[in-house]
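**Q** Contents are mmCIF, C-alpha atoms; file name work_22.cif:
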data_protein
#
loop_
_atom_site.label_atom_id
_atom_site.label_comp_id
_atom_site.auth_asym_id
_atom_site.auth_seq_id
_atom_site.Cartn_x
_atom_site.Cartn_y
_atom_site.Cartn_z
CA MET A 1054 168.63 384.65 -113.97
CA ASN A 1055 170.13 387.58 -112.09
CA ALA A 1056 173.15 387.64 -109.77
CA ARG A 1057 171.10 387.56 -106.58
CA GLU A 1058 169.22 384.43 -107.70
CA ILE A 1059 172.45 382.70 -108.70
CA ARG A 1060 174.02 383.44 -105.30
CA LYS A 1061 170.99 381.89 -103.58
CA LEU A 1062 171.07 378.72 -105.66
CA ILE A 1063 174.78 378.04 -106.30
CA THR A 1064 177.77 378.15 -103.96
CA VAL A 1065 181.48 378.14 -104.70
CA ASP A 1066 181.60 374.67 -103.11
CA ASP A 1067 178.95 373.48 -105.61
CA LEU A 1068 181.17 374.67 -108.45
CA HIS A 1069 184.31 373.09 -107.02
CA ALA A 1070 182.50 369.77 -106.53
CA ASN A 1071 181.87 369.68 -110.28
CA CYS A 1072 185.38 370.30 -111.58
CA LYS A 1073 188.84 368.77 -111.69
CA LEU A 1074 192.28 370.25 -112.13
CA GLY A 1075 193.35 370.22 -115.77
CA LYS A 1076 196.27 371.35 -117.88
CA ARG A 1077 197.60 374.91 -117.55
CA GLY A 1078 195.80 375.40 -114.23
CA CYS A 1079 192.30 375.05 -115.68
CA TRP A 1080 189.50 373.98 -113.38
CA VAL A 1081 187.71 371.75 -115.85
CA TRP A 1082 183.94 371.50 -115.43
CA THR A 1083 182.85 367.85 -115.11
CA GLY A 1084 179.14 368.52 -114.71
CA PRO A 1085 176.54 368.87 -117.46
CA LEU A 1086 177.37 370.80 -120.62
CA HIS A 1087 175.35 373.42 -122.45
CA SER A 1088 174.63 372.68 -126.13
CA ASP A 1089 177.48 375.03 -127.11
CA GLY A 1090 180.07 373.12 -125.06
CA TYR A 1091 180.26 375.39 -122.01
CA GLY A 1092 179.75 373.98 -118.53
CA ALA A 1093 176.17 374.32 -117.37
CA TRP A 1094 174.54 374.43 -113.96
CA ASN A 1095 170.84 373.67 -113.68
CA ALA A 1096 169.33 375.84 -110.97
CA ALA A 1097 165.62 376.17 -110.26
CA GLY A 1098 164.74 374.80 -113.68
CA ARG A 1099 167.02 377.25 -115.51
CA GLN A 1100 170.45 376.77 -116.93
CA VAL A 1101 173.38 378.98 -115.92
CA LYS A 1102 176.73 378.74 -117.65
CA ALA A 1103 179.29 377.52 -115.13
CA HIS A 1104 182.03 380.00 -116.09
CA ARG A 1105 179.61 382.91 -115.61
CA ALA A 1106 178.53 381.58 -112.21
CA SER A 1107 182.18 381.10 -111.25
CA TYR A 1108 183.05 384.66 -112.23
CA LEU A 1109 180.04 386.08 -110.44
CA LEU A 1110 180.64 384.14 -107.21
CA GLN A 1111 184.42 384.47 -107.05
CA VAL A 1112 185.28 387.73 -108.81
CA GLY A 1113 182.26 390.01 -108.81
CA PRO A 1114 179.29 391.28 -110.78
CA ILE A 1115 179.05 391.06 -114.55
CA PRO A 1116 178.02 394.48 -115.87
CA ARG A 1117 175.34 394.72 -118.52
CA GLY A 1118 176.84 394.49 -121.99
CA ARG A 1119 179.90 392.55 -120.84
CA PHE A 1120 180.75 388.92 -121.50
CA VAL A 1121 182.86 386.50 -119.49
CA THR A 1122 185.51 384.82 -121.61
CA HIS A 1123 188.50 382.56 -121.05
CA THR A 1124 192.17 383.51 -121.36
CA CYS A 1125 192.88 379.76 -121.67
CA ASP A 1126 190.34 379.22 -124.52
CA ASN A 1127 188.91 376.23 -122.62
CA LYS A 1128 185.11 376.47 -122.67
CA ARG A 1129 184.85 374.13 -119.67
CA CYS A 1130 187.29 376.06 -117.46
CA ILE A 1131 185.81 377.80 -114.41
CA ASN A 1132 189.07 379.00 -112.82
CA PRO A 1133 188.40 382.67 -111.94
CA ASP A 1134 192.03 383.50 -112.77
CA HIS A 1135 191.32 382.44 -116.36
CA LEU A 1136 188.11 384.45 -116.70
CA HIS A 1137 187.81 388.09 -117.68
CA LEU A 1138 185.21 390.54 -118.93
CA VAL A 1139 185.11 391.76 -122.53
CA THR A 1140 182.82 393.76 -124.75
CA HIS A 1141 180.82 392.14 -127.54
CA LYS A 1142 183.19 393.60 -130.14
CA THR A 1143 186.28 392.23 -128.38
CA LEU A 1144 184.66 388.81 -128.04
CA TYR A 1145 183.70 388.79 -131.73
CA LEU A 1146 187.20 389.79 -132.86
CA HIS A 1147 188.77 387.12 -130.62
CA ASN A 1148 186.40 384.46 -131.98
CA LYS A 1149 187.00 385.56 -135.56
CA LYS A 1150 190.78 385.41 -135.08
CA ASN A 1151 190.49 381.88 -133.67
CA GLY A 1152 188.15 380.60 -136.37
CA HIS A 1153 185.06 380.39 -134.18
CA VAL A 1154 182.91 382.63 -136.38
CA ALA A 1155 180.84 380.81 -138.97
CA ARG A 1156 181.68 382.20 -142.37
CA GLY A 1157 180.41 381.43 -145.82
CA GLU A 1158 178.13 378.42 -146.06
CA ARG A 1159 178.72 377.57 -142.38
CA ASN A 1160 176.85 380.76 -141.45
CA GLY A 1161 173.24 379.86 -140.73
CA PHE A 1162 172.01 382.98 -142.52
CA ALA A 1163 173.93 382.32 -145.75
CA THR A 1164 171.76 382.02 -148.84
CA LEU A 1165 174.60 381.71 -151.31
CA THR A 1166 177.18 378.99 -151.78
CA ALA A 1167 180.86 379.33 -152.59
CA LYS A 1168 179.96 378.28 -156.14
CA ASP A 1169 177.46 381.17 -156.37
CA VAL A 1170 180.07 383.66 -155.15
CA ARG A 1171 182.62 382.47 -157.69
CA ARG A 1172 179.98 382.83 -160.41
CA ILE A 1173 179.17 386.38 -159.26
CA ARG A 1174 182.85 387.32 -159.40
CA LYS A 1175 183.27 385.73 -162.83
CA LEU A 1176 180.19 387.51 -164.24
CA ALA A 1177 181.33 390.85 -162.81
CA LYS A 1178 184.83 390.43 -164.18
CA ALA A 1179 183.40 389.86 -167.66
CA GLY A 1180 181.94 393.38 -167.37
CA LYS A 1181 178.78 392.57 -169.32
CA TYR A 1182 176.17 392.82 -166.59
CA PRO A 1183 175.14 395.35 -163.92
CA HIS A 1184 174.98 394.14 -160.32
CA ARG A 1185 171.19 393.91 -160.40
CA THR A 1186 171.28 391.53 -163.37
CA ILE A 1187 173.99 389.39 -161.74
CA GLY A 1188 171.89 389.25 -158.58
CA ASP A 1189 168.86 388.11 -160.59
CA MET A 1190 170.99 385.44 -162.29
CA VAL A 1191 172.15 383.88 -159.02
CA GLY A 1192 169.06 384.62 -156.93
CA CYS A 1193 170.20 387.38 -154.60
CA HIS A 1194 169.81 391.13 -154.20
CA GLN A 1195 172.14 393.52 -156.03
CA THR A 1196 173.37 394.81 -152.66
CA ASN A 1197 174.77 391.37 -151.90
CA VAL A 1198 176.52 391.31 -155.26
CA THR A 1199 178.10 394.71 -154.53
CA ARG A 1200 179.20 393.63 -151.06
CA ILE A 1201 180.72 390.42 -152.39
CA LEU A 1202 182.63 392.34 -155.04
CA ASN A 1203 183.93 395.02 -152.65
CA GLY A 1204 185.03 392.40 -150.09
CA THR A 1205 182.49 393.13 -147.35
CA TYR A 1206 180.89 389.68 -147.80
CA TRP A 1207 182.72 386.43 -148.54
CA ALA A 1208 186.16 388.08 -148.26
CA HIS A 1209 187.60 384.81 -146.96
CA LEU A 1210 186.85 383.05 -150.26
CA LYS A 1211 189.69 383.58 -152.71
#
Translate this file's structure into structure tokens.
**A**
Amino acid sequence: MNAREIRKLITVDDLHANCKLGKRGCWVWTGPLHSDGYGAWNAAGRQVKAHRASYLLQVGPIPRGRFVTHTCDNKRCINPDHLHLVTHKTLYLHNKKNGHVARGERNGFATLTAKDVRRIRKLAKAGKYPHRTIGDMVGCHQTNVTRILNGTYWAHLK
């Protein structure tokens, strides 16, 4: 849904009617929530995240490639003073720093377990097998073995 459509369907008063004053000056969304915990506004059969609508209506347009995030780290806050624009990289680094990035087995794309990674490291340390053979032994590609061993993958696992 684009900015023009949102402005036609949602007003600032609509947003304010669905929030209450919280700690640290947050305007806490009391309406429906999106599956990821952010406030959600259902408009014309589509869902709009409340913090994005708040930013759009009270601050200004959201340029392509930018994300609205919270300085207060409260997903339900719609206070425009707590919202700011960031790039994808900045958002990722912020989420990583705060433990919001799924790593290891929590990552939905992970095919290895922590036990597999420890086995890979143990086999490599023994120095008997090339990466391809280790990969075959644990059921992954040799590239994954290399990346695990050089710290690109699974660096958080000690």
**Q** Excluding Thr1143 of chain A and residues on its chain fewer than 3 positions from it, collect all residues at most 12 Å away from it, counting only C-alpha atoms, and give them as a list of chain:residue names.
**A**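 Final neighbour list, sorted by chain and number: A:Gly1118, A:Arg1119, A:Phe1120, A:Val1121, A:Thr1122, A:His1137, A:Leu1138, A:Val1139, A:Thr1140, A:Leu1146, A:His1147, A:Asn1148, A:Lys1149, A:Lys1150.
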**Q** Fewer than 3 positions away in the same chain doesn't count, so skip those; otherwise give me all residues within 7 Å of His1184 of chain A, counting only C-alpha atoms, as a list in words.
**A**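 In the requested format, the answer is Ile1187, Gly1188, Gln1195, Val1198 and Thr1199 of chain A.
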**Q** Between A:Gly1090, A:Gly1084, A:Gly1075, A:Pro1183, which has the minimum distance to Lys1128 of chain A (counting only C-alpha atoms)?
**A**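 The answer is A:Gly1090, which sits nearest to Lys1128 of chain A.
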**Q** If you measure from atom CA of Ile1201 of chain A to atom CA of Arg1172 of chain A, what distance in Å do you get, rounded to one decimal?
**A**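 These two atoms are separated by 11.1 Å.
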**Q** Can you measure atom CA of Val1081 of chain A to atom CA of Ile1131 of chain A for me? One decimal in Å is fine.
**A**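 Result for atom CA of Val1081 of chain A versus atom CA of Ile1131 of chain A: 6.5 Å, one decimal.
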**Q** Using the chain letters and numbers from the file, give me the residues hit by the PyMOL selection byres ((chain A and resi 1102) around 8), as a ChimeraX atom specification.
**A** /A:1087,1091-1094,1100-1101,1103-1106
**Q** How about saving the chosen residues, C-alpha atoms kept, as an mmCIF file, in the frame of the given file?
**A**
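Contents of again03.cif, as written:
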data_model
loop_
_atom_site.group_PDB
_atom_site.id
_atom_site.type_symbol
_atom_site.label_atom_id
_atom_site.label_comp_id
_atom_site.auth_asym_id
_atom_site.auth_seq_id
_atom_site.Cartn_x
_atom_site.Cartn_y
_atom_site.Cartn_z
ATOM 1 C CA HIS A 1087 175.350 373.420 -122.450
ATOM 2 C CA TYR A 1091 180.260 375.390 -122.010
ATOM 3 C CA GLY A 1092 179.750 373.980 -118.530
ATOM 4 C CA ALA A 1093 176.170 374.320 -117.370
ATOM 5 C CA TRP A 1094 174.540 374.430 -113.960
ATOM 6 C CA GLN A 1100 170.450 376.770 -116.930
ATOM 7 C CA VAL A 1101 173.380 378.980 -115.920
ATOM 8 C CA ALA A 1103 179.290 377.520 -115.130
ATOM 9 C CA HIS A 1104 182.030 380.000 -116.090
ATOM 10 C CA ARG A 1105 179.610 382.910 -115.610
ATOM 11 C CA ALA A 1106 178.530 381.580 -112.210
#
**Q** With 4 Å added on each side, what axis-aligned box encloses every listed atom of segment 1080-1086 of chain A? Give the centre and edge lengths in Å to one decimal, as lines of an AutoDock Vina configuration file.
**A**
center_x = 183.0
center_y = 370.9
center_z = -117.0
size_x = 21.0
size_y = 14.1
size_z = 15.2
**Q** Tell me which of A:Ala1097, A:Ile1115, A:Val1170, A:Leu1165 sits closest to Ala1056 of chain A, counting all atoms listed in the file.
**A**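 Smallest distance to Ala1056 of chain A is found for A:Ile1115.
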**Q** Could you please determine the separation between atom CA of Pro1114 of chain A and atom CA of Glu1058 of chain A in Å, to one decimal place?
**A**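 So the answer is 12.6 Å.
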**Q** At a cut-off of 12 Å from (178.1, 388.1, -167.5) in the coordinates of the file, what residues are picked up using all atoms listed in the file, written as a ChimeraX atom specification?
**A** /A:1172-1191
**Q** With a distance cut-off of 12 Å and all atoms listed in the file, select the neighbouring residues of Asp1066 of chain A, excluding the residue or stretch itself and same-chain residues fewer than 4 positions from it, and output the selection as a compact mmCIF listing (two decimals) with C-alpha atoms, in the coordinates of the input.
**A**
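Saved the output as out33.txt:
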# COMPACT_ATOMS: atom_id res chain seq x y z
CA ARG A 1060 174.02 383.44 -105.30
CA LEU A 1062 171.07 378.72 -105.66
CA ALA A 1070 182.50 369.77 -106.53
CA ASN A 1071 181.87 369.68 -110.28
CA CYS A 1072 185.38 370.30 -111.58
CA ALA A 1106 178.53 381.58 -112.21
CA SER A 1107 182.18 381.10 -111.25
CA LEU A 1110 180.64 384.14 -107.21
CA GLN A 1111 184.42 384.47 -107.05
**Q** Where atoms are missing, can you supply all heavy atoms for segment 1125-1136 of chain A and output the lot as a tab-separated table (two decimals), in the frame of the given file?
**A**
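Saved to out14.tsv:
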chain	number	residue	atom	x	y	z
A	1125	CYS	N	192.32	381.07	-121.33
A	1125	CYS	CA	192.88	379.76	-121.67
A	1125	CYS	C	192.19	379.13	-122.89
A	1125	CYS	O	192.60	378.07	-123.35
A	1125	CYS	CB	192.76	378.82	-120.48
A	1125	CYS	SG	191.06	378.61	-119.88
A	1126	ASP	N	191.13	379.75	-123.39
A	1126	ASP	CA	190.34	379.22	-124.52
A	1126	ASP	C	189.77	377.84	-124.25
A	1126	ASP	O	189.55	377.06	-125.18
A	1126	ASP	CB	191.16	379.21	-125.82
A	1126	ASP	CG	191.25	380.59	-126.44
A	1126	ASP	OD1	190.33	381.40	-126.24
A	1126	ASP	OD2	192.26	380.86	-127.12
A	1127	ASN	N	189.52	377.51	-122.99
A	1127	ASN	CA	188.91	376.23	-122.62
A	1127	ASN	C	187.49	376.52	-122.16
A	1127	ASN	O	187.28	377.05	-121.07
A	1127	ASN	CB	189.72	375.56	-121.51
A	1127	ASN	CG	189.15	374.23	-121.09
A	1127	ASN	OD1	188.06	373.83	-121.49
A	1127	ASN	ND2	189.91	373.51	-120.27
A	1128	LYS	N	186.50	376.16	-122.97
A	1128	LYS	CA	185.11	376.47	-122.67
A	1128	LYS	C	184.64	375.87	-121.34
A	1128	LYS	O	183.70	376.37	-120.73
A	1128	LYS	CB	184.19	375.91	-123.77
A	1128	LYS	CG	184.24	376.64	-125.06
A	1128	LYS	CD	183.25	376.01	-126.03
A	1128	LYS	CE	183.15	376.80	-127.30
A	1128	LYS	NZ	182.12	376.27	-128.19
A	1129	ARG	N	185.28	374.80	-120.90
A	1129	ARG	CA	184.85	374.13	-119.67
A	1129	ARG	C	185.60	374.61	-118.43
A	1129	ARG	O	185.33	374.15	-117.33
A	1129	ARG	CB	184.99	372.62	-119.85
A	1129	ARG	CG	184.02	372.10	-120.91
A	1129	ARG	CD	184.22	370.65	-121.25
A	1129	ARG	NE	184.23	369.81	-120.07
A	1129	ARG	CZ	184.63	368.54	-120.08
A	1129	ARG	NH1	185.05	368.00	-121.20
A	1129	ARG	NH2	184.61	367.83	-118.97
A	1130	CYS	N	186.51	375.56	-118.59
A	1130	CYS	CA	187.29	376.06	-117.46
A	1130	CYS	C	186.46	377.05	-116.63
A	1130	CYS	O	185.80	377.93	-117.17
A	1130	CYS	CB	188.56	376.75	-117.95
A	1130	CYS	SG	189.58	377.38	-116.59
A	1131	ILE	N	186.51	376.87	-115.30
A	1131	ILE	CA	185.81	377.80	-114.41
A	1131	ILE	C	186.77	378.47	-113.42
A	1131	ILE	O	186.35	379.08	-112.45
A	1131	ILE	CB	184.66	377.11	-113.65
A	1131	ILE	CG1	185.17	376.01	-112.72
A	1131	ILE	CG2	183.61	376.57	-114.63
A	1131	ILE	CD1	184.13	375.52	-111.71
A	1132	ASN	N	188.07	378.37	-113.68
A	1132	ASN	CA	189.07	379.00	-112.82
A	1132	ASN	C	188.92	380.52	-112.95
A	1132	ASN	O	189.08	381.08	-114.03
A	1132	ASN	CB	190.47	378.57	-113.25
A	1132	ASN	CG	191.56	379.16	-112.38
A	1132	ASN	OD1	191.36	380.12	-111.66
A	1132	ASN	ND2	192.75	378.57	-112.46
A	1133	PRO	N	188.60	381.22	-111.85
A	1133	PRO	CA	188.40	382.67	-111.94
A	1133	PRO	C	189.63	383.43	-112.43
A	1133	PRO	O	189.50	384.51	-112.99
A	1133	PRO	CB	188.01	383.07	-110.52
A	1133	PRO	CG	188.46	381.96	-109.65
A	1133	PRO	CD	188.45	380.72	-110.49
A	1134	ASP	N	190.82	382.85	-112.26
A	1134	ASP	CA	192.03	383.50	-112.77
A	1134	ASP	C	192.11	383.45	-114.29
A	1134	ASP	O	192.89	384.18	-114.90
A	1134	ASP	CB	193.29	382.85	-112.17
A	1134	ASP	CG	193.41	383.10	-110.68
A	1134	ASP	OD1	192.83	384.09	-110.19
A	1134	ASP	OD2	194.07	382.29	-110.01
A	1135	HIS	N	191.33	382.58	-114.90
A	1135	HIS	CA	191.32	382.44	-116.36
A	1135	HIS	C	190.14	383.16	-117.01
A	1135	HIS	O	189.98	383.11	-118.22
A	1135	HIS	CB	191.26	380.96	-116.76
A	1135	HIS	CG	192.48	380.18	-116.39
A	1135	HIS	ND1	192.69	378.90	-116.85
A	1135	HIS	CD2	193.56	380.48	-115.62
A	1135	HIS	CE1	193.84	378.45	-116.37
A	1135	HIS	NE2	194.37	379.40	-115.62
A	1136	LEU	N	189.31	383.80	-116.20
A	1136	LEU	CA	188.11	384.45	-116.70
A	1136	LEU	C	188.27	385.96	-116.65
A	1136	LEU	O	188.83	386.50	-115.70
A	1136	LEU	CB	186.89	384.03	-115.86
A	1136	LEU	CG	186.64	382.53	-115.76
A	1136	LEU	CD1	185.49	382.26	-114.79
A	1136	LEU	CD2	186.35	381.93	-117.12
